[in-house]
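Visitor: For reference, the structure I am asking about is given below.
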Amino acid sequence: MAVDLLLGLQWGDEGKGKIVDVLTSKYNIIARFQGGPNAGHTLVFNGMKHVLHTIPSGIFHEDAINLVGNGVVIDPVIFKKELDKLAEQHVDYKKSLYISRKAHIILPTHRLLDAASETAKGKAKIGSTLKGIGPTYMDKTGRNGIRVGDLELADWKEKYRALANKHEAMINFYNVEIQYDLKELENEFFEAVKVLKSLKLIDSEEYIFQAQKDGKTILAEGAQGSLLDIDFGTYPFVTSSNTTAAGACTGLGVAPNKIGDVFGIFKAYTTRVGSGPFPTELFDKDGETMAKVGHEFGATTGRPRRCGWLDLVALKYACQVNGVTQLMMMKADVLSGFKTLKVCTAYKYKGETITHLPYNIEPENVEPIYTDFKGWAADLTEMSEASQMPDELNAYIAFLEKELETPITIVSVGPDRKQTIFR
């Protein structure tokens with residue numbers, strides 16, 4: 001069986017967690033393939049809000065296996081807190097949660113390094129979540145990292161000590177004020193490691209291979225968004241992993257010819273957390289309304305999200321890079337009440353009109369060119385059928401489908417799993 005992918009097509013926060021939750025009943029296995037606790041996937045059902053950071057979004061479905069793949073980086077302390085919350089909700093995660101032995105571990109000193117590095121950048125900071133993600137991936141590519149499988153070896157604490165000592169020397173090199181008590185952080189870390197070791201640790205690439213042979217259905221769940229990809233995002237204001245479709249192959253050990261559908265998730269408008277260029281960002285009442293109605297705060301950091309009109313140039317780019325086969329539009333309900341909607345259909349780039357994403361989209365180089373659409377006043381949140389959607393919304397969707405050459409098969413009209421319209 002082919003592995004289907006679900007990816008964010010903007011700068012993250014598109015609503016991937018909700019859609020995974022909606023689709024999980026169709027899949028035997030939900031697998032995370034990159035990122036770590038810098039992700040925040042929000043699910044709402046039965047009147048309750050649930051935020052997951054490292055654990056796949058299928059964990060609330062009794063029959064689904066949830067796999068944390070080799071491309072993920074795991075902070076045992078944050079992971080334990082997630083597990084504790086699941087236990088409070090009587091989720092039997094021990095039977096359904098599998099961890100790849102090849103996944104790398106975030107140490108307390110990785111988080112301290114992250115903070116020191118970001119502080120040292122001053123005004124040039126990139127807006128890191130300060131979760132230690134970047135330093136952990138640096139150790140991975142530098143061949144210094146500690147992996148989950150190392151925890152099963154007799155000398156893992158010696159390996160830990162050597163790496164932590166190296167990190168402390170690096171922190172001193174930055175010459176910035178970072179207050180910390182490493183002994184206290186380590187006590188919490190080692191307790192959390194015990195919990196991690198008690199879970200099902202597997203050779204995940206072999207598990208995925210056998211599951212495909214056995215005809216199991218698999219959904220690979222991406223974190224962050226395509227415009228934050230380390231190679232194809234708005235570098236250096238990006239994350240430290242491959243958030244695009246290619247990342248699923250390396251993050252799970254899936255061959256490229258075994259990829260099936262690629263579901264691309266995007267908001268009906270655009271948001272961004274942290275630093276970095278954002279051509280369609282709004283600084284007026286329209287932007288304030290989007291933020292207020294859409295409750296635009298980061299699920300991981302709590303930081304307010306910057307809001308703007310839909311950027312079709314960037315969205316088209318993300319569709320191309322990922323080979324998207326189906327689109328899913330989130331938060332259509334947030335746009336209710338706007339008399340006029342705008343969509344960026346081209347850029348004025350260094351005096352020339354272009355329709356592709358250029359190397360640099362900083363404001364001094366790029367000016368968005370907009371196409372206007374008539375808005376709608378109808379409250380979408382109670383709608384459950386495509387036939388109920390207002391004509392103006394249908395026109396908006398039809399335009400996007402034509403431009404992106406890809407069908408929009410789901411329209412989300414609220415945070416609850418029930419507020420989902422299938423087209």
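Naming scheme: A, B, ... for chains in displayed order of the structure tokens; residues 1 onward per chain; ligands 1 onward as shown.
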Would you return as a PyMOL selection string the members of segment 199-358 of chain A that DSSP assigns to strand (DSSP E or B) on this structure's backbone?
Guide: chain A and resi 200-202+218-221+259-267+270-272+281+297+304+306-308+310-311+326-330+340-349+352-354
Visitor: Write the residues of the selection above to a file with C-alpha atoms, as a tab-separated table (two decimals), in the first residue's frame.
Guide:
chain	number	residue	atom	x	y	z
A	200	LYS	CA	7.48	0.42	22.36
A	201	LEU	CA	10.82	1.23	20.71
A	202	ILE	CA	10.98	-0.17	17.18
A	218	ILE	CA	-0.60	4.75	6.44
A	219	LEU	CA	-0.88	8.52	6.75
A	220	ALA	CA	2.35	10.52	7.22
A	221	GLU	CA	1.67	13.67	9.26
A	259	ILE	CA	3.98	7.73	-1.90
A	260	GLY	CA	0.26	7.94	-2.72
A	261	ASP	CA	-1.96	10.98	-2.21
A	262	VAL	CA	-0.45	14.25	-1.00
A	263	PHE	CA	-2.99	16.27	0.99
A	264	GLY	CA	-2.07	19.96	1.17
A	265	ILE	CA	-3.57	22.01	4.02
A	266	PHE	CA	-3.87	25.80	3.78
A	267	LYS	CA	-5.78	28.58	5.48
A	270	THR	CA	-2.23	33.54	5.56
A	271	THR	CA	-0.52	33.66	8.97
A	272	ARG	CA	3.03	33.57	10.26
A	281	GLU	CA	0.88	40.83	5.93
A	297	PHE	CA	-2.00	32.51	18.68
A	304	PRO	CA	0.36	36.15	18.35
A	306	ARG	CA	0.83	37.81	11.99
A	307	CYS	CA	-2.13	37.80	9.57
A	308	GLY	CA	-2.59	38.68	5.90
A	310	LEU	CA	-4.00	34.60	0.89
A	311	ASP	CA	-0.71	34.50	-1.02
A	326	GLN	CA	-5.81	17.27	-2.98
A	327	LEU	CA	-6.22	20.60	-1.19
A	328	MET	CA	-8.00	21.25	2.09
A	329	MET	CA	-8.94	24.82	2.98
A	330	MET	CA	-9.11	25.74	6.66
A	340	THR	CA	-14.06	42.45	-0.07
A	341	LEU	CA	-11.47	39.69	-0.04
A	342	LYS	CA	-8.06	40.01	-1.64
A	343	VAL	CA	-5.83	37.30	-3.08
A	344	CYS	CA	-2.22	37.96	-4.04
A	345	THR	CA	-1.94	36.58	-7.59
A	346	ALA	CA	1.46	38.05	-8.57
A	347	TYR	CA	4.43	39.98	-7.21
A	348	LYS	CA	6.08	43.13	-8.44
A	349	TYR	CA	9.67	41.95	-8.04
A	352	GLU	CA	8.99	43.23	-12.93
A	353	THR	CA	5.66	41.39	-12.55
A	354	ILE	CA	6.22	37.70	-11.73
Visitor: Hey, what's within 9 Å of segment 158-169 of chain A if we count only C-alpha atoms and toss same-chain stuff fewer than 6 positions away? As a list in words, please?
Guide: Leu107, Pro108, Thr109, His110, Leu112, Leu113, Asn144, Gly145, Ile146 and Asp150 of chain A
Visitor: So that I can check the secondary structure, give me every residue of segment 119-338 of chain A assigned helix (DSSP H, G or I) by backbone DSSP, as a ChimeraX atom specification.
Guide: /A:119-124,133-141,148-152,156-174,182-197,204-213,226-228,245-252,256-258,285-293,312-322,332-335
Visitor: Keeping only C-alpha atoms, write the selected residues as a CSV table (one decimal), in the first residue's frame.
Guide:
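As written to disk, result.csv reads:
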chain,number,residue,atom,x,y,z
A,119,THR,CA,20.1,35.9,22.4
A,120,ALA,CA,23.5,36.4,20.7
A,121,LYS,CA,21.8,37.3,17.4
A,122,GLY,CA,20.1,40.3,18.9
A,123,LYS,CA,17.9,42.1,16.3
A,124,ALA,CA,18.9,39.5,13.7
A,133,ILE,CA,15.3,21.8,17.7
A,134,GLY,CA,18.1,23.5,15.7
A,135,PRO,CA,21.0,22.4,17.9
A,136,THR,CA,19.6,18.8,18.0
A,137,TYR,CA,19.5,18.7,14.2
A,138,MET,CA,22.9,20.2,14.1
A,139,ASP,CA,24.3,17.4,16.2
A,140,LYS,CA,22.4,14.9,14.0
A,141,THR,CA,24.1,16.1,10.8
A,148,VAL,CA,16.4,6.8,21.2
A,149,GLY,CA,18.1,3.4,20.5
A,150,ASP,CA,21.2,4.6,22.4
A,151,LEU,CA,19.1,4.6,25.6
A,152,GLU,CA,19.1,0.8,25.4
A,156,TRP,CA,24.5,5.9,27.0
A,157,LYS,CA,25.0,8.1,30.1
A,158,GLU,CA,28.7,8.5,29.3
A,159,LYS,CA,27.8,9.5,25.8
A,160,TYR,CA,25.3,12.0,27.3
A,161,ARG,CA,27.9,13.5,29.6
A,162,ALA,CA,30.4,14.0,26.9
A,163,LEU,CA,27.9,15.8,24.6
A,164,ALA,CA,26.5,17.9,27.5
A,165,ASN,CA,30.0,19.0,28.5
A,166,LYS,CA,30.6,20.0,24.9
A,167,HIS,CA,27.4,22.0,24.8
A,168,GLU,CA,28.3,23.9,28.0
A,169,ALA,CA,31.6,25.0,26.4
A,170,MET,CA,29.7,26.2,23.4
A,171,ILE,CA,27.2,28.1,25.6
A,172,ASN,CA,30.2,29.9,27.2
A,173,PHE,CA,31.5,30.8,23.8
A,174,TYR,CA,28.3,32.8,23.0
A,182,LEU,CA,21.7,22.1,34.8
A,183,LYS,CA,21.6,19.6,37.7
A,184,GLU,CA,17.9,20.4,38.2
A,185,LEU,CA,17.2,20.2,34.4
A,186,GLU,CA,19.0,16.8,34.3
A,187,ASN,CA,17.0,15.3,37.2
A,188,GLU,CA,13.8,16.0,35.3
A,189,PHE,CA,15.4,14.8,32.0
A,190,PHE,CA,16.6,11.4,33.4
A,191,GLU,CA,13.2,10.8,35.0
A,192,ALA,CA,11.5,11.5,31.6
A,193,VAL,CA,14.0,9.2,29.9
A,194,LYS,CA,12.8,6.3,32.1
A,195,VAL,CA,9.2,6.9,30.8
A,196,LEU,CA,10.4,7.0,27.2
A,197,LYS,CA,12.3,3.7,27.6
A,204,SER,CA,10.5,1.9,12.3
A,205,GLU,CA,11.6,1.7,8.7
A,206,GLU,CA,11.2,-2.1,8.9
A,207,TYR,CA,7.9,-1.7,10.6
A,208,ILE,CA,6.6,0.6,7.9
A,209,PHE,CA,7.9,-1.7,5.1
A,210,GLN,CA,6.1,-4.7,6.6
A,211,ALA,CA,2.9,-2.7,7.2
A,212,GLN,CA,2.9,-1.7,3.5
A,213,LYS,CA,3.4,-5.3,2.4
A,226,SER,CA,6.3,24.0,3.5
A,227,LEU,CA,7.5,27.7,3.6
A,228,LEU,CA,9.5,26.7,6.7
A,245,ALA,CA,6.9,15.7,0.8
A,246,ALA,CA,10.5,14.6,0.4
A,247,GLY,CA,11.0,14.7,4.2
A,248,ALA,CA,8.5,11.9,4.5
A,249,CYS,CA,10.8,9.6,2.6
A,250,THR,CA,13.8,10.3,4.7
A,251,GLY,CA,11.9,10.8,7.9
A,252,LEU,CA,10.2,7.4,7.7
A,256,PRO,CA,9.6,7.7,-3.3
A,257,ASN,CA,7.6,5.3,-5.5
A,258,LYS,CA,5.5,4.3,-2.5
A,285,LYS,CA,-8.3,46.6,10.9
A,286,ASP,CA,-8.7,43.6,8.5
A,287,GLY,CA,-5.5,42.0,9.9
A,288,GLU,CA,-6.8,42.7,13.5
A,289,THR,CA,-10.1,41.1,12.6
A,290,MET,CA,-8.5,38.0,11.2
A,291,ALA,CA,-6.4,37.6,14.3
A,292,LYS,CA,-9.3,38.1,16.7
A,293,VAL,CA,-11.9,36.0,14.9
A,312,LEU,CA,-1.4,32.5,-4.1
A,313,VAL,CA,2.1,32.8,-5.5
A,314,ALA,CA,3.6,31.1,-2.4
A,315,LEU,CA,0.7,28.6,-2.3
A,316,LYS,CA,1.3,27.6,-5.9
A,317,TYR,CA,5.0,27.1,-5.2
A,318,ALA,CA,4.2,24.9,-2.2
A,319,CYS,CA,1.8,22.8,-4.3
A,320,GLN,CA,4.5,22.3,-7.0
A,321,VAL,CA,7.3,21.4,-4.5
A,322,ASN,CA,5.1,18.8,-2.8
A,332,ALA,CA,-13.1,29.7,5.8
A,333,ASP,CA,-15.4,30.8,8.6
A,334,VAL,CA,-12.9,33.5,9.7
A,335,LEU,CA,-13.4,35.4,6.4
Visitor: Write out as a list in words each polymer residue whose atoms come within 7 Å of Leu97 of chain A, counting only C-alpha atoms; drop sequence neighbours fewer than 5 positions from it.
Guide: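 Result of the neighbour search: Ile65, Asn66, Leu67 and Lys200 of chain A.
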Visitor: Print the selection's residues with N, CA and C atoms to a file, as a tab-separated table (two decimals), in the first residue's frame.
Guide:
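Output below, filename again35.tsv:
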chain	number	residue	atom	x	y	z
A	65	ILE	N	-2.56	2.99	15.11
A	65	ILE	CA	-1.20	2.96	15.63
A	65	ILE	C	-0.57	4.32	15.33
A	66	ASN	N	0.11	4.91	16.31
A	66	ASN	CA	0.74	6.21	16.16
A	66	ASN	C	2.25	6.05	16.27
A	67	LEU	N	2.95	6.40	15.19
A	67	LEU	CA	4.39	6.17	15.11
A	67	LEU	C	5.15	7.50	15.07
A	200	LYS	N	7.08	1.37	23.40
A	200	LYS	CA	7.48	0.42	22.36
A	200	LYS	C	8.50	1.09	21.44
Visitor: I'd like the contact shell of Thr234 of chain A - 12 Å cut-off, only C-alpha atoms, skipping same-chain residues fewer than 2 positions apart - returned as a compact mmCIF listing (two decimals) with N, CA and C atoms, in the first residue's frame.
Guide:
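This is the output file result_1.txt:
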# COMPACT_ATOMS: atom_id res chain seq x y z
N GLN A 10 1.77 26.50 4.11
CA GLN A 10 2.13 27.89 4.39
C GLN A 10 3.24 27.92 5.44
N TRP A 11 3.17 28.85 6.39
CA TRP A 11 4.22 28.94 7.42
C TRP A 11 3.80 28.22 8.70
N ILE A 126 15.97 34.83 14.56
CA ILE A 126 15.10 34.23 13.54
C ILE A 126 13.72 33.86 14.08
N GLY A 225 5.27 24.01 8.26
CA GLY A 225 4.69 24.23 6.94
C GLY A 225 5.76 24.26 5.87
N SER A 226 5.35 24.13 4.62
CA SER A 226 6.29 24.03 3.50
C SER A 226 7.19 25.25 3.37
N LEU A 227 6.67 26.43 3.74
CA LEU A 227 7.47 27.66 3.61
C LEU A 227 8.47 27.80 4.76
N LEU A 228 8.48 26.80 5.65
CA LEU A 228 9.48 26.74 6.72
C LEU A 228 10.50 25.63 6.47
N ASP A 229 10.43 24.99 5.30
CA ASP A 229 11.37 23.92 4.96
C ASP A 229 12.79 24.45 4.94
N ILE A 230 13.73 23.68 5.44
CA ILE A 230 15.12 24.11 5.55
C ILE A 230 15.74 24.41 4.18
N ASP A 231 15.27 23.72 3.13
CA ASP A 231 15.78 23.96 1.77
C ASP A 231 14.90 24.91 0.96
N PHE A 232 13.59 24.74 1.06
CA PHE A 232 12.67 25.44 0.17
C PHE A 232 11.87 26.56 0.84
N PRO A 236 16.83 32.54 6.12
CA PRO A 236 17.08 31.63 7.25
C PRO A 236 15.93 31.56 8.25
N PHE A 237 14.80 32.18 7.93
CA PHE A 237 13.66 32.17 8.85
C PHE A 237 12.83 30.91 8.61
N VAL A 238 13.44 29.77 8.93
CA VAL A 238 12.85 28.46 8.65
C VAL A 238 13.07 27.55 9.85
N THR A 239 12.54 26.35 9.76
CA THR A 239 12.83 25.34 10.78
C THR A 239 14.05 24.53 10.33
N SER A 240 14.42 23.50 11.08
CA SER A 240 15.67 22.79 10.81
C SER A 240 15.48 21.44 10.14
N ARG A 272 1.64 33.93 9.97
CA ARG A 272 3.03 33.57 10.26
C ARG A 272 3.36 33.92 11.70
N SER A 275 9.72 35.76 13.21
CA SER A 275 10.34 36.66 12.24
C SER A 275 10.28 36.10 10.83
N GLY A 276 10.63 36.93 9.87
CA GLY A 276 10.70 36.50 8.48
C GLY A 276 9.78 37.27 7.56
N PRO A 277 10.07 37.29 6.25
CA PRO A 277 9.27 38.05 5.29
C PRO A 277 7.86 37.49 5.14
N PHE A 278 6.91 38.37 4.83
CA PHE A 278 5.50 38.01 4.74
C PHE A 278 4.84 39.06 3.83
N PRO A 279 4.89 38.86 2.50
CA PRO A 279 4.45 39.89 1.55
C PRO A 279 3.03 40.39 1.74
N ALA A 314 2.87 32.05 -3.31
CA ALA A 314 3.55 31.13 -2.39
C ALA A 314 2.84 29.79 -2.31
N ALA A 318 4.26 25.98 -3.14
CA ALA A 318 4.20 24.85 -2.20
C ALA A 318 3.53 23.64 -2.83
N LEU A 357 7.57 32.19 -6.99
CA LEU A 357 8.23 32.62 -5.76
C LEU A 357 9.72 32.84 -6.04
N PRO A 358 10.22 34.07 -5.89
CA PRO A 358 11.63 34.33 -6.19
C PRO A 358 12.53 33.96 -5.01
N TYR A 359 13.83 34.11 -5.23
CA TYR A 359 14.82 33.77 -4.20
C TYR A 359 14.62 34.57 -2.93
N ASN A 360 14.27 35.83 -3.07
CA ASN A 360 14.16 36.70 -1.90
C ASN A 360 12.82 37.43 -1.93
N ILE A 361 12.04 37.31 -0.84
CA ILE A 361 10.74 38.00 -0.80
C ILE A 361 10.70 39.03 0.32
N GLU A 362 11.85 39.58 0.66
CA GLU A 362 11.90 40.66 1.64
C GLU A 362 11.14 41.87 1.07
Visitor: Using only C-alpha atoms, which of A:His61, A:Thr381, A:Leu5, A:Thr42 sits nearest Lys95 of chain A?
Guide: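 Between A:His61, A:Thr381, A:Leu5, A:Thr42, the residue approaching Lys95 of chain A most closely is A:His61.
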Visitor: Could you work out how far atom CA of Gly132 of chain A lies from atom CA of Asp75 of chain A, giving the answer in Å with one decimal?
Guide: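 Separating atom CA of Asp75 of chain A from atom CA of Gly132 of chain A is a distance of 8.5 Å.
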Visitor: So that I can see what lies close to Ala223 of chain A, please list as number ranges by chain the residues with an atom at most 10 Å from it, counting only C-alpha atoms and leaving out residues fewer than 2 positions away in the same chain.
Guide: A: 6-8, 12-14, 16-17, 32-41, 53-54, 56, 72, 220-221, 225-226, 228, 241-244
Visitor: Write the residues of the selection above to a file with C-alpha atoms, as a CSV table (one decimal), in the first residue's frame.
Guide:
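Output (result.csv):
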chain,number,residue,atom,x,y,z
A,6,LEU,CA,-0.6,15.4,4.9
A,7,LEU,CA,1.4,18.6,4.8
A,8,GLY,CA,1.0,22.3,5.6
A,12,GLY,CA,2.7,26.3,9.7
A,13,ASP,CA,-0.5,26.6,11.9
A,14,GLU,CA,-2.7,25.6,9.0
A,16,LYS,CA,-3.1,19.8,10.2
A,17,GLY,CA,-4.0,18.3,13.5
A,32,ARG,CA,5.1,11.8,12.3
A,33,PHE,CA,8.2,12.2,10.1
A,34,GLN,CA,10.0,15.4,11.1
A,35,GLY,CA,10.1,18.3,13.6
A,36,GLY,CA,9.6,17.9,17.3
A,37,PRO,CA,8.0,19.8,20.2
A,38,ASN,CA,8.1,23.0,18.1
A,39,ALA,CA,4.9,21.7,16.4
A,40,GLY,CA,1.5,22.4,17.9
A,41,HIS,CA,-1.3,20.4,16.5
A,53,HIS,CA,3.4,18.6,20.1
A,54,THR,CA,5.3,15.4,19.3
A,56,PRO,CA,0.8,12.0,16.2
A,72,VAL,CA,11.5,13.5,14.5
A,220,ALA,CA,2.3,10.5,7.2
A,221,GLU,CA,1.7,13.7,9.3
A,225,GLY,CA,4.7,24.2,6.9
A,226,SER,CA,6.3,24.0,3.5
A,228,LEU,CA,9.5,26.7,6.7
A,241,SER,CA,14.0,19.9,9.0
A,242,ASN,CA,12.5,19.1,5.6
A,243,THR,CA,8.8,19.9,6.0
A,244,THR,CA,7.9,19.1,2.4
Visitor: Please determine, counting only C-alpha atoms, which residue among A:Asp92, A:Asp203, A:Asp4, A:Asp284 has the shortest atom-to-atom distance to Asn70 of chain A.
Guide: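 Using only C-alpha atoms, the shortest distance to Asn70 of chain A belongs to A:Asp203.
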Visitor: Please determine, counting only C-alpha atoms, which residue among A:Pro368, A:Ser100, A:His356, A:Val273 has the shortest atom-to-atom distance to Gly298 of chain A.
Guide: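 Of A:Pro368, A:Ser100, A:His356, A:Val273, the one nearest Gly298 of chain A is A:Val273, counting only C-alpha atoms.
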Visitor: Report, in Å to a single decimal, how far apart atom CA of Asp214 of chain A and atom CA of Met1 of chain A are.
Guide: 7.9 Å
Visitor: Provide the atom CA of Lys26 of chain A to atom CA of Ile410 of chain A distance in Å, to one decimal place.
Guide: 15.1 Å
Visitor: So that I can see what lies close to Phe338 of chain A, please list as an MDAnalysis selection string the residues with an atom at most 8 Å from it, counting only C-alpha atoms and leaving out residues fewer than 6 positions away in the same chain.
Guide: chainID A and resid 375:377
